[in-house]
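Raw my_file-v4.cif, mmCIF, C-alpha atoms and all ligand atoms:
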data_run
#
loop_
_atom_site.group_PDB
_atom_site.id
_atom_site.type_symbol
_atom_site.label_atom_id
_atom_site.label_comp_id
_atom_site.auth_asym_id
_atom_site.auth_seq_id
_atom_site.Cartn_x
_atom_site.Cartn_y
_atom_site.Cartn_z
ATOM 1 C CA MET V 181 -9.920 14.834 -22.247
ATOM 2 C CA HIS V 182 -12.082 15.961 -19.346
ATOM 3 C CA GLU V 183 -11.338 12.809 -17.344
ATOM 4 C CA LEU V 184 -8.001 14.316 -16.327
ATOM 5 C CA SER V 185 -9.645 17.336 -14.707
ATOM 6 C CA ILE V 186 -12.162 15.007 -13.058
ATOM 7 C CA VAL V 187 -9.340 12.930 -11.611
ATOM 8 C CA MET V 188 -7.526 16.014 -10.361
ATOM 9 C CA ASN V 189 -10.716 17.216 -8.687
ATOM 10 C CA ILE V 190 -11.061 13.852 -7.003
ATOM 11 C CA PHE V 191 -7.473 14.026 -5.793
ATOM 12 C CA ASP V 192 -8.190 17.466 -4.325
ATOM 13 C CA ILE V 193 -11.219 16.126 -2.487
ATOM 14 C CA ILE V 194 -9.280 13.155 -1.111
ATOM 15 C CA THR V 195 -6.257 15.145 0.045
ATOM 16 C CA GLU V 196 -8.627 17.576 1.748
ATOM 17 C CA LYS V 197 -10.554 14.818 3.546
ATOM 18 C CA VAL V 198 -7.584 12.660 4.477
ATOM 19 C CA PRO V 199 -4.557 14.953 4.559
ATOM 20 C CA ASP V 200 -1.077 13.557 5.162
ATOM 21 C CA LYS V 201 -2.138 9.994 4.380
ATOM 22 C CA LYS V 202 -0.923 7.637 1.732
ATOM 23 C CA ILE V 203 -3.826 6.210 -0.191
ATOM 24 C CA ARG V 204 -3.774 2.466 -0.856
ATOM 25 C CA ALA V 205 -6.900 2.207 -2.962
ATOM 26 C CA LEU V 206 -9.611 4.377 -4.410
ATOM 27 C CA LYS V 207 -12.962 2.916 -5.359
ATOM 28 C CA MET V 208 -15.209 4.828 -7.685
ATOM 29 C CA ALA V 209 -18.713 4.273 -8.958
ATOM 30 C CA VAL V 210 -19.043 5.206 -12.612
ATOM 31 C CA GLY V 211 -22.451 5.242 -14.249
ATOM 32 C CA ASP V 212 -22.892 3.968 -17.790
ATOM 33 C CA ILE V 213 -24.222 7.372 -18.844
ATOM 34 C CA SER V 214 -21.969 9.483 -16.627
ATOM 35 C CA GLY V 215 -20.233 10.707 -19.762
ATOM 36 C CA VAL V 216 -16.927 9.380 -18.471
ATOM 37 C CA SER V 217 -14.815 6.807 -20.234
ATOM 38 C CA VAL V 218 -13.433 4.253 -17.803
ATOM 39 C CA GLU V 219 -10.362 3.749 -19.978
ATOM 40 C CA ALA V 220 -9.653 7.483 -20.037
ATOM 41 C CA LEU V 221 -10.293 7.645 -16.309
ATOM 42 C CA ARG V 222 -7.705 4.929 -15.635
ATOM 43 C CA PHE V 223 -5.251 6.588 -18.003
ATOM 44 C CA SER V 224 -5.736 9.981 -16.348
ATOM 45 C CA PHE V 225 -5.432 8.433 -12.909
ATOM 46 C CA ASP V 226 -2.043 6.937 -13.784
ATOM 47 C CA ILE V 227 -0.799 10.284 -15.083
ATOM 48 C CA ALA V 228 -2.154 12.411 -12.252
ATOM 49 C CA LYS V 229 -1.121 10.206 -9.338
ATOM 50 C CA LYS V 230 2.620 10.671 -9.733
ATOM 51 C CA GLY V 231 4.056 12.640 -6.826
ATOM 52 C CA THR V 232 0.766 12.664 -4.914
ATOM 53 C CA ALA V 233 -0.597 10.756 -1.929
ATOM 54 C CA LEU V 234 -2.235 8.444 -4.465
ATOM 55 C CA GLU V 235 1.011 7.504 -6.156
ATOM 56 C CA ASP V 236 0.776 3.851 -5.067
ATOM 57 C CA ALA V 237 -2.987 3.665 -5.002
ATOM 58 C CA GLU V 238 -4.993 1.127 -6.908
ATOM 59 C CA LEU V 239 -8.003 2.472 -8.791
ATOM 60 C CA LYS V 240 -11.054 0.250 -8.462
ATOM 61 C CA ILE V 241 -14.072 0.984 -10.574
ATOM 62 C CA LYS V 242 -17.633 -0.168 -10.125
ATOM 63 C CA ARG V 243 -19.769 0.265 -13.220
ATOM 64 C CA VAL V 244 -23.340 1.321 -12.546
ATOM 65 C CA LYS V 245 -25.933 0.296 -15.108
ATOM 66 C CA VAL V 246 -28.748 2.609 -16.063
ATOM 67 C CA SER V 247 -31.935 2.138 -14.039
ATOM 68 C CA VAL V 248 -35.212 3.857 -14.762
ATOM 69 C CA ARG V 249 -38.574 4.313 -13.117
ATOM 70 C CA CYS V 250 -41.675 4.831 -15.216
ATOM 71 C CA ARG V 251 -43.665 7.998 -14.453
ATOM 72 C CA LYS V 252 -46.836 6.389 -15.846
ATOM 73 C CA CYS V 253 -47.013 2.963 -14.243
ATOM 74 C CA GLY V 254 -44.253 3.149 -11.658
ATOM 75 C CA ALA V 255 -42.306 0.137 -12.902
ATOM 76 C CA GLY V 256 -38.594 0.201 -12.352
ATOM 77 C CA ALA V 257 -35.847 -1.744 -14.061
ATOM 78 C CA VAL V 258 -32.266 -1.835 -15.160
ATOM 79 C CA LEU V 259 -32.115 -0.951 -18.837
ATOM 80 C CA LYS V 260 -30.829 -3.618 -21.190
ATOM 81 C CA ASP V 261 -29.964 -1.006 -23.766
ATOM 82 C CA ARG V 262 -28.747 2.196 -22.176
ATOM 83 C CA PHE V 263 -29.601 4.140 -25.299
ATOM 84 C CA VAL V 264 -33.276 3.210 -25.310
ATOM 85 C CA LEU V 265 -35.102 5.037 -22.570
ATOM 86 C CA GLN V 266 -38.372 3.214 -22.296
ATOM 87 C CA CYS V 267 -40.485 1.679 -19.544
ATOM 88 C CA PRO V 268 -39.884 -2.077 -19.188
ATOM 89 C CA GLU V 269 -43.578 -2.723 -18.515
ATOM 90 C CA CYS V 270 -45.569 -0.330 -20.682
ATOM 91 C CA PRO V 271 -44.923 1.597 -23.911
ATOM 92 C CA SER V 272 -44.261 4.861 -22.085
ATOM 93 C CA ARG V 273 -41.037 6.712 -22.698
ATOM 94 C CA ASP V 274 -41.732 9.038 -19.803
ATOM 95 C CA VAL V 275 -39.155 7.506 -17.514
ATOM 96 C CA GLU V 276 -36.998 8.928 -14.792
ATOM 97 C CA ILE V 277 -33.347 7.938 -14.673
ATOM 98 C CA VAL V 278 -32.645 6.778 -11.136
ATOM 99 C CA LYS V 279 -29.182 5.306 -11.644
ATOM 100 C CA GLY V 280 -26.433 5.488 -14.212
ATOM 101 C CA ARG V 281 -25.225 9.072 -13.931
ATOM 102 C CA GLU V 282 -22.949 8.347 -10.963
ATOM 103 C CA LEU V 283 -19.424 9.588 -10.758
ATOM 104 C CA ASN V 284 -18.769 9.074 -7.084
ATOM 105 C CA ILE V 285 -16.008 8.180 -4.705
ATOM 106 C CA GLU V 286 -17.206 5.000 -2.988
ATOM 107 C CA TYR V 287 -14.341 4.817 -0.529
ATOM 108 C CA VAL V 288 -10.618 5.231 -0.091
ATOM 109 C CA GLU V 289 -8.293 2.919 1.770
ATOM 110 C CA VAL V 290 -5.467 4.651 3.577
ATOM 111 C CA ASN V 291 -2.194 3.239 4.783
ATOM 112 C CA ASP V 292 -1.825 3.381 8.549
HETATM 113 ZN ZN ZN H 301 -44.525 2.113 -17.500
#

Take the structure I supplied and represent it as structure tokens, if you would.
Ligand SMILES: [Zn+2]
Amino acid sequence: MHELSIVMNIFDIITEKVPDKKIRALKMAVGDISGVSVEALRFSFDIAKKGTALEDAELKIKRVKVSVRCRKCGAGAVLKDRFVLQCPECPSRDVEIVKGRELNIEYVEVND
């Protein structure tokens, strides 16, 4: 389960950026094709947080849908089916993924 190592990396980043603070909430953006399972992420978070500054933190997750931009006609859209990479306006499959791969920390809330 690679979500656990992802979570531990995130904890490292947070404790480096805001040392000696208790974290109240952590908000993450998770793309639909980030390769991360939100359920596994929550599970890993609950395991990893014990004894850390995030022990009492709430994990908030924002799902990011897959957006593409067509390299032929320039149209952009959110994909209805994340498994079908195709331009919404023309038959081209030459599309660039502009959103959906995110695995980012949006923000943390610290206790004063
Ligand atoms: Zn197109």

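Take the PyMOL selection byres (((chain V and resi 285) around 8) and not hetatm) and apply it to this file: it picks Ile190, Leu206, Lys207, Met208, Ala209, Leu283, Asn284, Glu286, Tyr287 and Val288 of chain V.
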
| field | From V:Val275, V:Ile186, V:Leu234, V:Lys240, residue lying nearest Gly254 (chain V) [all atoms listed in the file] | value |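 Smallest separation from Gly254 (chain V) among the options: V:Val275.
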
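Every residue that the PyMOL selection byres (((chain V and resi 210) around 9) and not hetatm) selects in this file is listed here: Met208, Ala209, Gly211, Asp212, Ile213, Ser214, Val216, Ser217, Val218, Ile241, Lys242, Arg243, Val244, Lys245, Gly280, Arg281, Glu282, Leu283, Asn284 and Ile285 of chain V.
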
Tell me which protein, DNA and RNA residues are within 12 Å of Asp261 (chain V), counting all atoms listed in the file, leaving out same-chain ones fewer than 2 positions away, and put them as a PDB file with C-alpha atoms, keeping the file's coordinate frame.
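Okay, this is what ended up in part-v9.pdb:
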ATOM      1  CA  ASP V 212     -22.892   3.968 -17.790  1.00  0.00           C
ATOM      2  CA  ILE V 213     -24.222   7.372 -18.844  1.00  0.00           C
ATOM      3  CA  LYS V 245     -25.933   0.296 -15.108  1.00  0.00           C
ATOM      4  CA  VAL V 246     -28.748   2.609 -16.063  1.00  0.00           C
ATOM      5  CA  SER V 247     -31.935   2.138 -14.039  1.00  0.00           C
ATOM      6  CA  VAL V 248     -35.212   3.857 -14.762  1.00  0.00           C
ATOM      7  CA  ALA V 257     -35.847  -1.744 -14.061  1.00  0.00           C
ATOM      8  CA  VAL V 258     -32.266  -1.835 -15.160  1.00  0.00           C
ATOM      9  CA  LEU V 259     -32.115  -0.951 -18.837  1.00  0.00           C
ATOM     10  CA  PHE V 263     -29.601   4.140 -25.299  1.00  0.00           C
ATOM     11  CA  VAL V 264     -33.276   3.210 -25.310  1.00  0.00           C
ATOM     12  CA  LEU V 265     -35.102   5.037 -22.570  1.00  0.00           C
ATOM     13  CA  GLN V 266     -38.372   3.214 -22.296  1.00  0.00           C
ATOM     14  CA  CYS V 267     -40.485   1.679 -19.544  1.00  0.00           C
ATOM     15  CA  PRO V 268     -39.884  -2.077 -19.188  1.00  0.00           C
TER      16      PRO V 268
END

| said: Just want the 10 Å neighbourhood of Glu219 (chain V), counted on all atoms listed in the file, with same-chain residues fewer than 5 positions away dropped. Output as a PyMOL selection string. | reply: chain V and resi 183+224-225

| message | Can you work out which residues are within 8 Å of ligand ZN 301 (chain H), considering all atoms listed in the file, and then hand them over as a list of chain:residue names? | response | V:Arg249, V:Cys250, V:Arg251, V:Lys252, V:Cys253, V:Gly254, V:Ala255, V:Gln266, V:Cys267, V:Pro268, V:Glu269, V:Cys270, V:Pro271, V:Ser272, V:Arg273, V:Asp274, V:Val275

With all atoms of region 216-229 of chain V from the file as input, state the centre and edge lengths in Å to one decimal of the axis-aligned box that has 8 Å extra on each side, as AutoDock Vina command-line options.
--center_x -8.9 --center_y 8.1 --center_z -14.8 --size_x 32.1 --size_y 24.7 --size_z 26.9

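When CA of Val290 (chain V) is paired with CA of His182 (chain V), their separation reads 26.4 Å.
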
| task | Quote the spacing between CA of Ile227 (chain V) and CA of Val187 (chain V) in Å to one decimal place. | result | 9.6 Å

Enumerate, as a PDB file with C-alpha atoms, in the frame of the given file, the protein, DNA and RNA residues whose atoms approach (-1.0, 9.2, 6.1) to within 7 Å, taking into account only C-alpha atoms and the coordinate frame of the file.
ATOM      1  CA  PRO V 199      -4.557  14.953   4.559  1.00  0.00           C
ATOM      2  CA  ASP V 200      -1.077  13.557   5.162  1.00  0.00           C
ATOM      3  CA  LYS V 201      -2.138   9.994   4.380  1.00  0.00           C
ATOM      4  CA  LYS V 202      -0.923   7.637   1.732  1.00  0.00           C
ATOM      5  CA  VAL V 290      -5.467   4.651   3.577  1.00  0.00           C
ATOM      6  CA  ASN V 291      -2.194   3.239   4.783  1.00  0.00           C
ATOM      7  CA  ASP V 292      -1.825   3.381   8.549  1.00  0.00           C
TER       8      ASP V 292
END

| said: Can you measure CA of Leu184 (chain V) to CA of Leu221 (chain V) for me? One decimal in Å is fine. | reply: 7.1 Å

| request: Tell me which of V:Glu276, V:Glu289, V:Gly231, V:Gly256 sits closest to Ile194 (chain V), counting all atoms listed in the file. | output: V:Glu289

| What residues come out when you apply the PyMOL selection byres (((chain V and resi 237) around 7) and not hetatm) to this file, written as a list in words? |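 Evaluating the PyMOL selection byres (((chain V and resi 237) around 7) and not hetatm) on this file yields Ile203, Arg204, Ala205, Leu206, Leu234, Glu235, Asp236, Glu238 and Leu239 of chain V.
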
| field | Shortest interatomic distance to Arg262 (chain V) - which of V:Phe191, V:Phe223, V:Lys229, V:Ile277, counting all atoms listed in the file | value |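 Under the stated criterion, the closest residue is V:Ile277.
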